[in-house]
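> Have a look at this one before I ask anything.
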Amino acid sequence: MTTALIVIGFLLITALVGYATALLLQLRKQSTQKKKHQQELKDINQARLDEHLNSIRYIATAMLEDRCELSEGVMRIAKLFNILSMSEQVETQYPAIFKHFSVIQAHPIMAQRKKLQKQQRMKLDFARMRSEAGLEADILEEAKQLSSFTPSPLH
């Protein structure tokens, strides 16, 4: 009878060890999949960041080469920084761009602009041109810096 108990105990322990091994293998597989998924998300986010940063550099260069109007470039750059959640981080480095953006950010464009009365359009254009004229040199200097922009690490 003790031999039977020893055999049953051995079989029970073997079954438990087998079950524990299966659970450990499953856990290892899940951990590997989780790490792989996290790396894929990190790669996607890095690609997105790189794409937006390249766009900022491209727009800044286009502004310097007169291929992009100042207000359009400022609008696009400020919105890209906003998408990247970096506006607050870089606003002090590029005050002229963000000052001009604060003047033009609410200006309607395209179809919404066409709906405005002529006087309203002229008033908005005057505010935009006055801001552009006052900040042009500083905006272009900041665009020169942005043409090679690399964000500082956050951590």
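By order of appearance in the structure tokens: chains A, B, ..., then residues from 1 within every chain, and ligands from 1 in the order shown.
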Which residues come within 9 Å of stretch 138-143 of chain A, counting only C-alpha atoms, excluding same-chain residues fewer than 2 positions away, as a list in words?
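Once the adjacent positions are removed, what remains is Arg57, Ile59, Ala60, Thr61, Met63, Leu64, Leu70, Val74, Gln93, Tyr94, Pro95, Ala96, Ile97, His100, Glu132, Gly134, Leu135, Glu136, Gln145, Leu146 and Ser147 of chain A.
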> How would the residues just picked look written out with C-alpha atoms as a compact mmCIF listing (two decimals), in the first residue's frame?

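And here's part_20.txt as it stands now:
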```
# COMPACT_ATOMS: atom_id res chain seq x y z
CA ARG A 57 12.31 71.12 -40.76
CA ILE A 59 8.46 73.81 -43.72
CA ALA A 60 11.09 75.96 -42.00
CA THR A 61 13.43 75.49 -44.96
CA MET A 63 9.91 79.51 -45.47
CA LEU A 64 13.57 80.51 -45.76
CA LEU A 70 5.37 83.05 -43.41
CA VAL A 74 3.97 79.45 -38.84
CA GLN A 93 12.74 78.92 -27.91
CA TYR A 94 10.63 80.26 -30.80
CA PRO A 95 8.68 83.21 -29.36
CA ALA A 96 8.14 85.05 -32.67
CA ILE A 97 6.58 82.01 -34.32
CA HIS A 100 2.45 85.30 -34.75
CA GLU A 132 4.12 89.42 -40.19
CA GLY A 134 6.75 93.23 -37.20
CA LEU A 135 7.98 89.69 -36.66
CA GLU A 136 9.34 88.71 -40.09
CA GLN A 145 17.03 77.30 -36.29
CA LEU A 146 14.06 75.02 -36.98
CA SER A 147 15.49 73.86 -40.30
```
> List the spatial neighbours of A:Pro108 as a list in words - criterion: any atom at most 12 Å away, only C-alpha atoms, same-chain residues fewer than 4 positions off excluded.
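The contact residues come out as Met75, Val103, Ile104, Gln112, Arg113, Lys114, Lys115, Leu116, Gln120, Arg121, Leu124, Asp125 and Arg128 of chain A.
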> I need the residues in stretch 25-143 of chain A that are alpha helix (DSSP H) according to DSSP; give them as a ChimeraX atom specification.
/A:25-64,70-83,87-90,95-104,110-115,118-143
